[in-house]
Every structure is written in structure tokens, then in C-alpha cells.
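Shown next, in C-alpha cells, is the structure this report addresses.
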Amino acid sequence: MEGDLLNKKGPIIVTGCQRSGTTIMTKMICNDLGFSFHQDDEFQPSLEGIKQIKLFIKHGITNIAIQSPLILYTYDDFYYSIPGIHFIGMKRDKQDIINSMRRVRWMEEVQQYFWNWEKYLEAHVSHMNALWEGLKTNLPTEAWTEIEYQSLESHPLFITKDLRTNFTIRQTETY
């Protein structure tokens, strides 16, 4: 874990494009810092999600790490509502993200509704990356940290690509 992150209090939100490493990074933070792990489906990027985090804080629970790609759509709401919140943005090669989406059949249940699924994947990754760049531009540098996916490879929780078989869409658990 990078030295600067070891000094972070919570809450921490790990974001970036889907399939960029947000889940494994969140699990690494929880493992290394003793934070509790929460997925994006537990804390919606909405007023309700803000209320949930504030309730945790009210009860003295700040060491939480939340994996949430969709928070990129509402990061400013969270930043200006929750003092001390820190965003970690995962950066990964665009083609690696798309390959991962294909490998796990990401959003397979809705592919049939897209007239050009492959172009959509490229546009989606570009859009999510642009949202992260917007966060970096609009928030002070102490509010965010950018992590390169490749830097996770030396962590004990990282699973190499050749061993990623029979995984769920979260890529950190087996079926």
C-alpha cells in the first residue's frame, strides 16, 4: 500500500471505471488499514448514500472503504456533504478494462439492447475516465489519490490474470 494512503482516515471511496480494479483496491485498503468493506450496492451515489455514511460517522465509525464506480456522477455531493472524505481513483489501460468486461461478460443481460456493444464499451470507459479527470480538476488534491492498477500487482491479495478463472463479476471471489 502506498505510504500516503496509510495515513488516511475514512471514509474512503474507491472509484474509477468498472473493471479498473476498484473492488480489489477497496479490499486491499480494508486488509491493510483495518477498514470495513462496502460495495457500491450498499451505498448508492445519492442523498440516501450520503445519509448512510453520515449515520456511520455519527456513531463514530469512519474507517469505511466503499467501492463505487458510479460515485463519479455525484462526487461533488459527497465531497461537500462529508468532511474528510477521500476518493481513490483507479487508472487502468483502456483495452485491459474492455478485455476484462468481455471476460466476465459485464452487463451481459443488457447487451442485446445496444446496436453497437463494442463501441459502447469504448465510449463508456472514456466517459468514466473523463468523470475521474473532472473530479481531479474540481476537488483539491488532498481530497483524492490516483492509483495505477499495475501498482497493485505486488500486494498479497492481488491475483494474477492467469489464475483468474471461475470468478464472479467482482473478480475477487470464486463461484
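By order in the C-alpha cells, chains are A, B, ...; within a chain, residues start at 1; ligands start at 1, following the order shown.
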(message) Could you list, as a PyMOL selection string, every residue within 9 Å of Pro11 of chain A, counting only C-alpha atoms and ignoring same-chain residues fewer than 2 positions away?
(response) chain A and resi 8-9+13+35+53+57+61-66+82+84-87
Output file for the selection above: all heavy atoms, as a compact mmCIF listing (two decimals), in the first residue's frame:
# COMPACT_ATOMS: atom_id res chain seq x y z
N LYS A 8 -4.42 7.83 5.83
CA LYS A 8 -5.77 8.31 5.57
C LYS A 8 -6.73 7.81 6.63
O LYS A 8 -6.68 6.68 7.06
CB LYS A 8 -6.27 7.87 4.20
CG LYS A 8 -5.48 8.45 3.05
CD LYS A 8 -5.67 9.93 2.95
CE LYS A 8 -4.80 10.49 1.84
NZ LYS A 8 -4.49 11.87 2.01
N LYS A 9 -7.60 8.70 7.03
CA LYS A 9 -8.73 8.33 7.86
C LYS A 9 -9.86 8.02 6.89
O LYS A 9 -9.69 8.04 5.70
CB LYS A 9 -9.09 9.49 8.79
CG LYS A 9 -7.92 9.98 9.63
CD LYS A 9 -7.50 8.96 10.65
CE LYS A 9 -6.39 9.51 11.51
NZ LYS A 9 -5.32 8.58 11.71
N ILE A 13 -13.58 6.39 -0.55
CA ILE A 13 -14.37 5.84 -1.66
C ILE A 13 -13.42 5.54 -2.81
O ILE A 13 -12.69 6.42 -3.28
CB ILE A 13 -15.48 6.82 -2.11
CG1 ILE A 13 -16.45 7.03 -0.95
CG2 ILE A 13 -16.18 6.28 -3.35
CD1 ILE A 13 -17.64 7.88 -1.24
N PHE A 35 -10.09 -1.20 7.68
CA PHE A 35 -11.37 -0.55 7.38
C PHE A 35 -12.42 -1.63 7.10
O PHE A 35 -12.09 -2.77 6.77
CB PHE A 35 -11.24 0.34 6.14
CG PHE A 35 -10.60 1.67 6.39
CD1 PHE A 35 -9.61 1.85 7.34
CD2 PHE A 35 -10.98 2.77 5.65
CE1 PHE A 35 -9.02 3.09 7.55
CE2 PHE A 35 -10.40 4.00 5.84
CZ PHE A 35 -9.43 4.17 6.79
N ILE A 53 -23.66 7.19 5.13
CA ILE A 53 -22.29 7.45 5.58
C ILE A 53 -22.30 8.38 6.78
O ILE A 53 -21.57 8.16 7.75
CB ILE A 53 -21.44 8.03 4.42
CG1 ILE A 53 -21.28 6.97 3.33
CG2 ILE A 53 -20.07 8.49 4.94
CD1 ILE A 53 -20.65 7.49 2.05
N ILE A 57 -20.70 7.87 10.58
CA ILE A 57 -19.83 8.86 11.21
C ILE A 57 -20.41 9.32 12.55
O ILE A 57 -19.69 9.45 13.53
CB ILE A 57 -19.58 10.05 10.26
CG1 ILE A 57 -18.75 9.57 9.05
CG2 ILE A 57 -18.88 11.19 10.98
CD1 ILE A 57 -18.67 10.58 7.91
N ILE A 61 -18.02 5.69 13.47
CA ILE A 61 -17.44 4.73 12.52
C ILE A 61 -17.01 5.49 11.27
O ILE A 61 -17.84 5.90 10.46
CB ILE A 61 -18.45 3.64 12.15
CG1 ILE A 61 -18.93 2.92 13.41
CG2 ILE A 61 -17.84 2.65 11.16
CD1 ILE A 61 -20.14 2.03 13.19
N THR A 62 -15.71 5.72 11.15
CA THR A 62 -15.20 6.45 9.98
C THR A 62 -14.28 5.58 9.13
O THR A 62 -14.01 5.92 7.99
CB THR A 62 -14.42 7.70 10.42
OG1 THR A 62 -13.34 7.30 11.26
CG2 THR A 62 -15.32 8.69 11.14
N ASN A 63 -13.82 4.48 9.67
CA ASN A 63 -12.90 3.62 8.92
C ASN A 63 -13.67 2.68 8.00
O ASN A 63 -13.69 1.46 8.19
CB ASN A 63 -12.00 2.84 9.88
CG ASN A 63 -11.01 3.75 10.56
OD1 ASN A 63 -10.80 4.89 10.15
ND2 ASN A 63 -10.43 3.28 11.63
N ILE A 64 -14.30 3.29 7.00
CA ILE A 64 -15.03 2.51 6.00
C ILE A 64 -14.44 2.82 4.62
O ILE A 64 -14.01 3.92 4.35
CB ILE A 64 -16.55 2.81 6.03
CG1 ILE A 64 -16.83 4.29 5.75
CG2 ILE A 64 -17.16 2.38 7.35
CD1 ILE A 64 -18.32 4.61 5.61
N ALA A 65 -14.41 1.79 3.81
CA ALA A 65 -13.97 1.93 2.43
C ALA A 65 -15.10 1.42 1.54
O ALA A 65 -15.61 0.31 1.74
CB ALA A 65 -12.70 1.15 2.17
N ILE A 66 -15.48 2.24 0.58
CA ILE A 66 -16.62 1.94 -0.28
C ILE A 66 -16.13 1.85 -1.72
O ILE A 66 -15.50 2.77 -2.23
CB ILE A 66 -17.71 3.02 -0.16
CG1 ILE A 66 -18.16 3.15 1.30
CG2 ILE A 66 -18.88 2.71 -1.09
CD1 ILE A 66 -18.97 4.40 1.57
N ILE A 82 -19.68 15.41 3.27
CA ILE A 82 -18.99 14.54 4.23
C ILE A 82 -17.56 15.04 4.44
O ILE A 82 -16.68 14.78 3.62
CB ILE A 82 -19.00 13.09 3.73
CG1 ILE A 82 -20.44 12.63 3.50
CG2 ILE A 82 -18.27 12.18 4.73
CD1 ILE A 82 -20.58 11.33 2.76
N GLY A 84 -13.83 15.30 5.30
CA GLY A 84 -12.76 14.31 5.41
C GLY A 84 -12.85 13.14 4.46
O GLY A 84 -11.99 12.26 4.48
N ILE A 85 -13.85 13.11 3.61
CA ILE A 85 -13.97 12.01 2.66
C ILE A 85 -12.79 12.04 1.70
O ILE A 85 -12.28 13.12 1.35
CB ILE A 85 -15.31 12.06 1.91
CG1 ILE A 85 -15.61 10.72 1.25
CG2 ILE A 85 -15.35 13.21 0.91
CD1 ILE A 85 -17.06 10.57 0.82
N HIS A 86 -12.31 10.87 1.30
CA HIS A 86 -11.18 10.80 0.38
C HIS A 86 -11.53 9.85 -0.75
O HIS A 86 -12.07 8.77 -0.53
CB HIS A 86 -9.93 10.30 1.11
CG HIS A 86 -8.70 10.46 0.30
ND1 HIS A 86 -8.03 11.66 0.18
CD2 HIS A 86 -8.01 9.58 -0.46
CE1 HIS A 86 -6.98 11.50 -0.61
NE2 HIS A 86 -6.95 10.25 -1.02
N PHE A 87 -11.24 10.28 -1.98
CA PHE A 87 -11.51 9.48 -3.17
C PHE A 87 -10.21 8.87 -3.68
O PHE A 87 -9.19 9.56 -3.76
CB PHE A 87 -12.12 10.36 -4.27
CG PHE A 87 -13.44 10.94 -3.90
CD1 PHE A 87 -13.51 12.21 -3.32
CD2 PHE A 87 -14.62 10.25 -4.13
CE1 PHE A 87 -14.73 12.76 -2.97
CE2 PHE A 87 -15.84 10.81 -3.78
CZ PHE A 87 -15.90 12.06 -3.19
(message) I'd like the contact shell of Tyr120 of chain A - 12 Å cut-off, only C-alpha atoms, skipping same-chain residues fewer than 6 positions apart - returned as a ChimeraX atom specification.
(response) /A:98,101,107,110-111,113-114,126-127
(request) Could you check which of A:Thr160, A:Thr137, A:Ser154, A:Asn129 is closest to Met28 of chain A, using only C-alpha atoms? (result)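 The answer is A:Ser154, which sits nearest to Met28 of chain A.
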(message) At a cut-off of 12 Å, using only C-alpha atoms, what residues contact Met25 of chain A? Leave out same-chain residues fewer than 6 positions from it and give the result as an MDAnalysis selection string.
(response) chainID A and resid 1:2 5 12:16 19 31:33 37:39 65:68 87:91 146:153 155:159 170:172
Mind running segment 142-168 of chain A against segment 75-81 of chain A at 12 Å and telling me each contacting residue's nearest atom pair with the distance in Å (one decimal), counting only C-alpha atoms, chain and number ascending, as JSON lines?
{"residue": "A:Glu142", "atom": "CA", "partner": "A:Tyr79", "partner_atom": "CA", "distance": 11.7}
{"residue": "A:Ala143", "atom": "CA", "partner": "A:Tyr79", "partner_atom": "CA", "distance": 8.2}
{"residue": "A:Trp144", "atom": "CA", "partner": "A:Tyr79", "partner_atom": "CA", "distance": 10.3}
(request) Quick one: pick out all alpha helix (DSSP H) residues within segment 16-155 of chain A from a backbone DSSP run and write them as a ChimeraX atom specification. (result) /A:22-33,47-58,75-81,94-103,117-138
